[in-house]
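Participant: Got a structure for you, questions after.
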Amino acid sequence: MLQPLGDRVLVKPLSAEEKTAGGIILPEKAQEKPREGEVVAVGPGKLLDSGERRAMSVKVGDVVVYSEFGGTEVSHEGEDYLLIDEGSILAVKE
């Protein structure tokens, strides 16, 4: 598994909707990119000027909403993930 560094979070994006509410099947290009995903790994936290680390506000297993253009797409062992900064996480779903 990939281990994020600093205040980065590894997220497995949730799948995009394949149908509209009316039942129309959308081609792959017309599907919206998901902006929600499950946290699969977190870094140790941001290193502050004082030398201490700030604790992360998310944990493995959390479902998060992140900004549309935040992060870097990575592939590992055939799975697609998104590596994002903690600041790009907008909310945690409860």
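Just remember, in the structure tokens the first chain shown is A, the second B, etc., residues are 1-based per chain, and ligands are 1-based in the order shown.
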Sorted by chain and rising residue number, list the residues of segment 28-89 of chain A at most 9 Å from segment 5-15 of chain A (counting only C-alpha atoms), each with its closest atom pair and distance in Å to one decimal, as a Markdown table.

Facilitator:
| residue | atom | partner | partner_atom | distance |
| --- | --- | --- | --- | --- |
| A:Lys33 | CA | A:Ser15 | CA | 8.4 |
| A:Pro34 | CA | A:Leu14 | CA | 6.2 |
| A:Arg35 | CA | A:Pro13 | CA | 7.2 |
| A:Glu36 | CA | A:Leu14 | CA | 5.8 |
| A:Gly37 | CA | A:Pro13 | CA | 4.0 |
| A:Glu38 | CA | A:Lys12 | CA | 5.2 |
| A:Val39 | CA | A:Val11 | CA | 4.5 |
| A:Val40 | CA | A:Val11 | CA | 5.7 |
| A:Ala41 | CA | A:Leu10 | CA | 5.1 |
| A:Val42 | CA | A:Val9 | CA | 4.6 |
| A:Gly43 | CA | A:Leu5 | CA | 4.7 |
| A:Pro44 | CA | A:Gly6 | CA | 5.7 |
| A:Gly45 | CA | A:Asp7 | CA | 4.4 |
| A:Lys46 | CA | A:Asp7 | CA | 4.7 |
| A:Leu47 | CA | A:Gly6 | CA | 6.9 |
| A:Arg53 | CA | A:Gly6 | CA | 8.8 |
| A:Arg54 | CA | A:Asp7 | CA | 8.5 |
| A:Ala55 | CA | A:Asp7 | CA | 8.8 |
| A:Met56 | CA | A:Asp7 | CA | 7.0 |
| A:Val58 | CA | A:Val9 | CA | 8.4 |
| A:Lys59 | CA | A:Val9 | CA | 9.0 |
| A:Val63 | CA | A:Val11 | CA | 8.8 |
| A:Val64 | CA | A:Val11 | CA | 8.4 |
| A:Glu79 | CA | A:Lys12 | CA | 8.5 |
| A:Asp80 | CA | A:Lys12 | CA | 6.9 |
| A:Tyr81 | CA | A:Lys12 | CA | 4.8 |
| A:Leu82 | CA | A:Val11 | CA | 5.1 |
| A:Leu83 | CA | A:Leu10 | CA | 4.7 |
| A:Ile84 | CA | A:Val9 | CA | 5.3 |
| A:Asp85 | CA | A:Arg8 | CA | 4.4 |
| A:Glu86 | CA | A:Arg8 | CA | 5.6 |
| A:Gly87 | CA | A:Asp7 | CA | 8.3 |

Participant: Please measure the separation of atom CA of Leu2 of chain A and atom CA of Gly70 of chain A, giving the value in Å to one decimal.

Facilitator: 18.3 Å

Participant: Of the candidates A:Leu48, A:Val74, A:Ser67, A:Gln3, which one gets nearest to Ala91 of chain A if we count only C-alpha atoms?

Facilitator: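 For Ala91 of chain A, the nearest of the candidates is A:Ser67.
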
Participant: Could you work out how far atom CA of Pro4 of chain A lies from atom CA of Ser88 of chain A, giving the answer in Å with one decimal?

Facilitator: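 Atom-to-atom, atom CA of Ser88 of chain A and atom CA of Pro4 of chain A are spaced 14.5 Å apart.
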